[in-house]
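As provided, work.csv (CSV, N, CA and C atoms) reads as follows.
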```
chain,number,residue,atom,x,y,z
Y,1,MET,N,-16.8,9.9,1.7
Y,1,MET,CA,-15.9,9.2,2.5
Y,1,MET,C,-14.6,9.0,1.7
Y,2,ASN,N,-13.5,9.3,2.2
Y,2,ASN,CA,-12.2,9.2,1.5
Y,2,ASN,C,-11.7,7.7,1.5
Y,3,ASP,N,-11.6,7.1,2.6
Y,3,ASP,CA,-11.0,5.8,2.7
Y,3,ASP,C,-12.1,4.7,2.5
Y,4,ASN,N,-12.5,4.5,1.2
Y,4,ASN,CA,-13.6,3.5,1.0
Y,4,ASN,C,-13.2,2.1,0.5
Y,5,LYS,N,-11.9,2.0,0.2
Y,5,LYS,CA,-11.4,0.7,-0.3
Y,5,LYS,C,-10.6,0.1,0.9
Y,6,ALA,N,-10.6,-1.2,1.1
Y,6,ALA,CA,-9.9,-1.9,2.2
Y,6,ALA,C,-9.5,-3.3,1.8
Y,7,ILE,N,-8.6,-3.8,2.6
Y,7,ILE,CA,-8.1,-5.2,2.5
Y,7,ILE,C,-8.1,-5.7,3.9
Y,8,LEU,N,-8.6,-6.9,4.0
Y,8,LEU,CA,-8.5,-7.7,5.3
Y,8,LEU,C,-7.8,-9.0,4.9
Y,9,ALA,N,-6.6,-9.1,5.4
Y,9,ALA,CA,-5.8,-10.3,5.2
Y,9,ALA,C,-5.7,-11.1,6.5
Y,10,LEU,N,-6.1,-12.4,6.4
Y,10,LEU,CA,-6.1,-13.3,7.6
Y,10,LEU,C,-4.9,-14.3,7.4
Y,11,LEU,N,-4.1,-14.4,8.4
Y,11,LEU,CA,-2.9,-15.3,8.4
Y,11,LEU,C,-2.9,-16.3,9.5
Y,12,ASP,N,-2.8,-17.6,9.1
Y,12,ASP,CA,-2.7,-18.7,10.1
Y,12,ASP,C,-1.2,-19.2,10.1
Y,13,ALA,N,-0.5,-18.8,11.2
Y,13,ALA,CA,0.9,-19.2,11.3
Y,13,ALA,C,1.1,-20.6,11.8
Y,14,LYS,N,2.1,-21.3,11.3
Y,14,LYS,CA,2.5,-22.6,12.0
Y,14,LYS,C,3.0,-22.2,13.4
Y,15,PRO,N,2.7,-23.0,14.4
Y,15,PRO,CA,3.0,-22.6,15.7
Y,15,PRO,C,4.5,-22.3,15.9
Y,16,GLU,N,5.4,-23.0,15.3
Y,16,GLU,CA,6.8,-22.8,15.4
Y,16,GLU,C,7.3,-21.5,14.7
Y,17,TYR,N,6.4,-20.9,13.9
Y,17,TYR,CA,6.8,-19.6,13.2
Y,17,TYR,C,5.9,-18.4,13.7
Y,18,ALA,N,5.0,-18.6,14.6
Y,18,ALA,CA,4.1,-17.6,15.1
Y,18,ALA,C,4.9,-16.3,15.5
Y,19,GLN,N,6.0,-16.5,16.2
Y,19,GLN,CA,6.8,-15.3,16.7
Y,19,GLN,C,7.4,-14.6,15.5
Y,20,ASP,N,7.8,-15.3,14.5
Y,20,ASP,CA,8.3,-14.7,13.3
Y,20,ASP,C,7.3,-13.9,12.5
Y,21,VAL,N,6.1,-14.4,12.4
Y,21,VAL,CA,5.0,-13.7,11.8
Y,21,VAL,C,4.7,-12.4,12.5
Y,22,GLU,N,4.6,-12.5,13.9
Y,22,GLU,CA,4.3,-11.4,14.7
Y,22,GLU,C,5.4,-10.3,14.6
Y,23,ALA,N,6.7,-10.7,14.5
Y,23,ALA,CA,7.8,-9.8,14.4
Y,23,ALA,C,7.7,-9.1,13.0
Y,24,LEU,N,7.4,-9.9,12.0
Y,24,LEU,CA,7.3,-9.3,10.6
Y,24,LEU,C,6.2,-8.2,10.6
Y,25,LEU,N,5.1,-8.6,11.1
Y,25,LEU,CA,4.0,-7.6,11.1
Y,25,LEU,C,4.3,-6.4,12.0
Y,26,THR,N,4.9,-6.6,13.1
Y,26,THR,CA,5.2,-5.4,14.0
Y,26,THR,C,6.2,-4.5,13.3
Y,27,SER,N,7.2,-5.0,12.6
Y,27,SER,CA,8.2,-4.2,11.9
Y,27,SER,C,7.7,-3.6,10.6
Y,28,ALA,N,6.6,-4.2,10.1
Y,28,ALA,CA,6.1,-3.7,8.8
Y,28,ALA,C,5.5,-2.3,8.9
Y,29,ILE,N,5.2,-1.8,10.1
Y,29,ILE,CA,4.6,-0.5,10.2
Y,29,ILE,C,5.6,0.5,9.5
Y,30,GLU,N,6.9,0.3,9.5
Y,30,GLU,CA,7.8,1.2,8.9
Y,30,GLU,C,7.5,1.3,7.4
Y,31,LEU,N,7.3,0.1,6.8
Y,31,LEU,CA,7.0,0.1,5.4
Y,31,LEU,C,5.6,0.7,5.1
Y,32,ALA,N,4.6,0.4,5.9
Y,32,ALA,CA,3.3,1.0,5.7
Y,32,ALA,C,3.3,2.5,5.8
Y,33,ASN,N,4.2,3.1,6.7
Y,33,ASN,CA,4.3,4.5,6.8
Y,33,ASN,C,4.9,5.2,5.5
Y,34,GLN,N,5.6,4.4,4.7
Y,34,GLN,CA,6.2,4.9,3.5
Y,34,GLN,C,5.2,4.9,2.3
Y,35,GLU,N,4.1,4.2,2.5
Y,35,GLU,CA,3.1,4.1,1.4
Y,35,GLU,C,2.1,5.2,1.5
Y,36,VAL,N,2.3,6.2,0.6
Y,36,VAL,CA,1.4,7.4,0.6
Y,36,VAL,C,0.0,7.0,0.3
Y,37,GLU,N,-0.3,6.0,-0.5
Y,37,GLU,CA,-1.7,5.7,-0.8
Y,37,GLU,C,-2.4,4.9,0.3
Y,38,THR,N,-1.6,4.4,1.2
Y,38,THR,CA,-2.3,3.6,2.3
Y,38,THR,C,-2.7,4.6,3.4
Y,39,LEU,N,-4.0,4.7,3.6
Y,39,LEU,CA,-4.5,5.7,4.5
Y,39,LEU,C,-4.4,5.2,6.0
Y,40,SER,N,-4.7,4.0,6.2
Y,40,SER,CA,-4.6,3.4,7.6
Y,40,SER,C,-4.2,2.0,7.4
Y,41,TRP,N,-3.4,1.5,8.4
Y,41,TRP,CA,-2.9,0.1,8.4
Y,41,TRP,C,-2.8,-0.4,9.8
Y,42,PHE,N,-3.4,-1.6,10.0
Y,42,PHE,CA,-3.5,-2.2,11.3
Y,42,PHE,C,-3.0,-3.7,11.1
Y,43,ALA,N,-2.0,-4.1,12.0
Y,43,ALA,CA,-1.6,-5.5,12.1
Y,43,ALA,C,-2.2,-5.9,13.5
Y,44,ILE,N,-2.9,-7.1,13.4
Y,44,ILE,CA,-3.6,-7.5,14.6
Y,44,ILE,C,-3.3,-9.0,14.9
Y,45,LYS,N,-3.4,-9.3,16.2
Y,45,LYS,CA,-3.1,-10.7,16.7
Y,45,LYS,C,-4.5,-11.2,17.2
Y,46,LEU,N,-5.0,-12.3,16.6
Y,46,LEU,CA,-6.3,-12.8,17.0
Y,46,LEU,C,-6.1,-14.0,18.0
Y,47,SER,N,-5.0,-14.7,17.9
Y,47,SER,CA,-4.7,-15.8,18.8
Y,47,SER,C,-3.2,-16.0,18.7
Y,48,GLU,N,-2.8,-17.1,19.4
Y,48,GLU,CA,-1.3,-17.3,19.4
Y,48,GLU,C,-0.8,-17.6,18.0
Y,49,THR,N,-1.6,-18.1,17.1
Y,49,THR,CA,-1.2,-18.4,15.7
Y,49,THR,C,-2.0,-17.7,14.6
Y,50,GLN,N,-3.0,-16.9,15.0
Y,50,GLN,CA,-3.8,-16.2,14.0
Y,50,GLN,C,-3.5,-14.7,14.0
Y,51,PHE,N,-3.3,-14.2,12.8
Y,51,PHE,CA,-3.0,-12.7,12.7
Y,51,PHE,C,-3.8,-12.2,11.6
Y,52,GLY,N,-3.8,-10.9,11.5
Y,52,GLY,CA,-4.5,-10.2,10.4
Y,52,GLY,C,-3.9,-8.8,10.1
Y,53,ILE,N,-4.3,-8.4,9.0
Y,53,ILE,CA,-3.9,-7.0,8.5
Y,53,ILE,C,-5.1,-6.4,8.0
Y,54,PHE,N,-5.4,-5.2,8.4
Y,54,PHE,CA,-6.6,-4.4,7.9
Y,54,PHE,C,-6.0,-3.1,7.4
Y,55,ASP,N,-6.3,-2.7,6.2
Y,55,ASP,CA,-5.8,-1.4,5.7
Y,55,ASP,C,-6.8,-0.8,4.8
Y,56,THR,N,-6.7,0.6,4.7
Y,56,THR,CA,-7.7,1.3,3.9
Y,56,THR,C,-7.0,2.2,2.9
Y,57,PHE,N,-7.7,2.5,1.8
Y,57,PHE,CA,-7.2,3.2,0.7
Y,57,PHE,C,-8.3,4.1,0.2
Y,58,GLU,N,-7.9,5.2,-0.4
Y,58,GLU,CA,-8.8,6.2,-1.0
Y,58,GLU,C,-9.5,5.6,-2.2
Y,59,ASN,N,-8.7,4.8,-3.0
Y,59,ASN,CA,-9.3,4.3,-4.3
Y,59,ASN,C,-8.6,2.9,-4.6
Y,60,GLU,N,-9.1,2.4,-5.7
Y,60,GLU,CA,-8.6,1.1,-6.2
Y,60,GLU,C,-7.1,1.1,-6.5
Y,61,ASP,N,-6.7,2.2,-7.1
Y,61,ASP,CA,-5.3,2.3,-7.5
Y,61,ASP,C,-4.4,2.2,-6.2
Y,62,GLY,N,-4.7,2.8,-5.1
Y,62,GLY,CA,-4.0,2.7,-3.9
Y,62,GLY,C,-4.0,1.3,-3.4
Y,63,ARG,N,-5.1,0.7,-3.4
Y,63,ARG,CA,-5.2,-0.7,-3.0
Y,63,ARG,C,-4.3,-1.6,-3.8
Y,64,ASN,N,-4.3,-1.4,-5.1
Y,64,ASN,CA,-3.5,-2.3,-6.0
Y,64,ASN,C,-2.0,-2.0,-5.7
Y,65,LEU,N,-1.6,-0.8,-5.5
Y,65,LEU,CA,-0.2,-0.5,-5.2
Y,65,LEU,C,0.3,-1.2,-4.0
Y,66,HIS,N,-0.6,-1.2,-3.0
Y,66,HIS,CA,-0.3,-1.9,-1.7
Y,66,HIS,C,-0.1,-3.4,-1.9
Y,67,LEU,N,-1.0,-4.0,-2.7
Y,67,LEU,CA,-0.9,-5.4,-3.0
Y,67,LEU,C,0.4,-5.8,-3.7
Y,68,GLU,N,1.0,-4.8,-4.4
Y,68,GLU,CA,2.2,-5.1,-5.2
Y,68,GLU,C,3.4,-4.6,-4.4
Y,69,GLY,N,3.2,-4.1,-3.2
Y,69,GLY,CA,4.3,-3.4,-2.4
Y,69,GLY,C,5.2,-4.3,-1.6
Y,70,LYS,N,6.0,-3.7,-0.8
Y,70,LYS,CA,7.0,-4.4,0.0
Y,70,LYS,C,6.5,-5.3,1.1
Y,71,ILE,N,5.4,-4.8,1.7
Y,71,ILE,CA,4.8,-5.7,2.8
Y,71,ILE,C,4.3,-7.0,2.3
Y,72,ALA,N,3.5,-6.9,1.2
Y,72,ALA,CA,3.0,-8.1,0.6
Y,72,ALA,C,4.2,-9.0,0.1
Y,73,GLU,N,5.2,-8.4,-0.5
Y,73,GLU,CA,6.4,-9.2,-0.9
Y,73,GLU,C,7.1,-9.9,0.2
Y,74,ALA,N,7.3,-9.2,1.3
Y,74,ALA,CA,7.9,-9.8,2.5
Y,74,ALA,C,7.1,-10.9,3.1
Y,75,LEU,N,5.8,-10.7,3.2
Y,75,LEU,CA,4.9,-11.7,3.7
Y,75,LEU,C,4.8,-13.0,2.8
Y,76,LEU,N,4.6,-12.7,1.5
Y,76,LEU,CA,4.4,-13.8,0.6
Y,76,LEU,C,5.7,-14.6,0.4
Y,77,SER,N,6.9,-14.0,0.6
Y,77,SER,CA,8.1,-14.7,0.4
Y,77,SER,C,8.3,-15.7,1.5
Y,78,LYS,N,7.7,-15.6,2.6
Y,78,LYS,CA,7.8,-16.5,3.8
Y,78,LYS,C,6.5,-17.3,4.0
Y,79,ALA,N,5.5,-17.1,3.2
Y,79,ALA,CA,4.2,-17.8,3.4
Y,79,ALA,C,4.3,-19.3,3.4
Y,80,ASP,N,5.0,-19.9,2.4
Y,80,ASP,CA,5.1,-21.3,2.4
Y,80,ASP,C,5.7,-21.9,3.6
Y,81,LEU,N,6.7,-21.3,4.1
Y,81,LEU,CA,7.4,-21.8,5.3
Y,81,LEU,C,6.7,-21.4,6.6
Y,82,TRP,N,6.2,-20.2,6.8
Y,82,TRP,CA,5.6,-19.7,8.0
Y,82,TRP,C,4.1,-20.0,8.2
Y,83,LEU,N,3.4,-20.1,7.2
Y,83,LEU,CA,1.9,-20.2,7.3
Y,83,LEU,C,1.4,-21.6,7.0
Y,84,THR,N,0.3,-22.0,7.6
Y,84,THR,CA,-0.4,-23.3,7.4
Y,84,THR,C,-1.0,-23.3,6.0
Y,85,LYS,N,-1.4,-22.2,5.5
Y,85,LYS,CA,-2.1,-22.1,4.2
Y,85,LYS,C,-1.8,-20.7,3.6
Y,86,SER,N,-2.2,-20.5,2.4
Y,86,SER,CA,-2.0,-19.2,1.8
Y,86,SER,C,-2.9,-18.2,2.6
Y,87,PRO,N,-2.4,-16.9,2.7
Y,87,PRO,CA,-3.3,-15.9,3.4
Y,87,PRO,C,-4.6,-15.8,2.7
Y,88,ASP,N,-5.6,-15.6,3.5
Y,88,ASP,CA,-7.0,-15.2,3.0
Y,88,ASP,C,-7.0,-13.7,2.8
Y,89,ILE,N,-7.0,-13.2,1.6
Y,89,ILE,CA,-6.9,-11.8,1.3
Y,89,ILE,C,-8.3,-11.4,0.8
Y,90,LEU,N,-9.0,-10.6,1.5
Y,90,LEU,CA,-10.4,-10.2,1.2
Y,90,LEU,C,-10.4,-8.7,0.9
Y,91,MET,N,-11.0,-8.4,-0.3
Y,91,MET,CA,-11.2,-7.0,-0.7
Y,91,MET,C,-12.5,-6.6,-0.1
Y,92,ALA,N,-12.5,-5.4,0.4
Y,92,ALA,CA,-13.7,-4.8,1.1
Y,92,ALA,C,-13.9,-3.4,0.7
Y,93,ASN,N,-15.1,-3.0,0.9
Y,93,ASN,CA,-15.5,-1.5,0.8
Y,93,ASN,C,-15.9,-1.1,2.2
Y,94,VAL,N,-15.4,0.0,2.7
Y,94,VAL,CA,-15.7,0.5,4.0
Y,94,VAL,C,-17.0,1.2,3.9
Y,95,LEU,N,-18.0,0.8,4.8
Y,95,LEU,CA,-19.3,1.5,4.8
Y,95,LEU,C,-19.4,2.7,5.7
Y,96,ALA,N,-18.7,2.6,6.8
Y,96,ALA,CA,-18.8,3.7,7.8
Y,96,ALA,C,-17.5,3.8,8.6
Y,97,VAL,N,-17.1,4.9,9.0
Y,97,VAL,CA,-15.9,5.1,9.8
Y,97,VAL,C,-16.1,6.1,10.9
Y,98,LYS,N,-15.6,5.8,12.1
Y,98,LYS,CA,-15.6,6.7,13.2
Y,98,LYS,C,-14.2,7.1,13.4
Y,99,LYS,N,-13.9,8.4,13.4
Y,99,LYS,CA,-12.6,9.0,13.6
Y,99,LYS,C,-12.7,9.9,14.7
Y,100,SER,N,-11.6,9.9,15.6
Y,100,SER,CA,-11.6,10.8,16.7
Y,100,SER,C,-11.0,12.2,16.2
Y,101,GLY,N,-11.3,13.2,17.0
Y,101,GLY,CA,-10.7,14.5,16.7
Y,101,GLY,C,-11.5,15.2,15.7
```
Using C-alpha cells, write down the structure that the file contains.
Amino acid sequence: MNDNKAILALLDAKPEYAQDVEALLTSAIELANQEVETLSWFAIKLSETQFGIFDTFENEDGRNLHLEGKIAEALLSKADLWLTKSPDILMANVLAVKKSG
C-alpha cells in the first residue's frame, strides 16, 4: 500500500469564527494540491463548529513535510483566536483503502 501514513486533525471552532474556519479549510485545497508528498487531503465539517482534516502520505517524510507546510502554518496562526482549544492532531497508519477505478 502506498499511502500508509495519515493525519487526522480535529478542530473545534468558536461559534463566532466557525465560518472563518470553514472558509480557510475550503480554500486550503489549493495549498494541498501544491504538496507533492500529500497523496490525499480531505477537509470535513462534522457540525456547525466541528471540523476535521484527513490526509494521507506515502511515508513519514511526506507527513512531516505537511506538518511543517503552509496549511498547518495558516491554521495554527489563527488557532488561538478561532478555536476553543488547540487542534487534536492524531498520527495514524492506514490499514486498508478502497479506491475507485
Original post:
Near stretch 2-16 of chain Y, within 8 Å and counting all atoms listed in the file, which residues show up once chain neighbours fewer than 5 positions away are dropped, as a PyMOL selection string?
Top reply: chain Y and resi 21+39-40+48-60+62-63+81-96
Original post:
Just how far from atom N of Y:Leu76 is atom C of Y:Leu46, in Å to one decimal?
Top reply: 19.7 Å
Original post:
atom C of Y:Glu22 to atom N of Y:Gly101: how many Å, to one decimal?
Top reply: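 Straight-line distance from atom C of Y:Glu22 to atom N of Y:Gly101 works out to 28.9 Å.
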Original post:
Of the candidates Y:Asn64, Y:Glu35, Y:Ala72, Y:Ala43, which shows the shortest atom-to-atom distance to Y:Ala23, using only C-alpha atoms?
Top reply: Y:Ala43
Original post:
Do you have the atom CA of Y:Ala28-atom CA of Y:His66 distance handy?
Top reply: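 Between these atoms lies a distance of 12.4 Å.
Listed by chain and then by rising number, the residues of stretch 23-61 of chain Y that DSSP assigns to strand (DSSP E) from the backbone are Thr38, Leu39, Ser40, Trp41, Phe42, Ala43, Ile44, Lys45, Gln50, Phe51, Gly52, Ile53, Phe54, Asp55, Thr56 and Phe57 of chain Y.
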Original post:
When distances are computed from only C-alpha atoms, which of Y:Gln34, Y:Leu25, Y:Lys99, Y:Tyr17 shows the smallest separation from Y:Leu75?
Top reply: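 Closest candidate: Y:Leu25.
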**OP:** Please report, as an NGL selection string, each residue of chain Y to which DSSP assigns alpha helix (DSSP H) when run on this structure's backbone.
**Re:** :Y and (18-27 or 29-34 or 60-67 or 70-82)
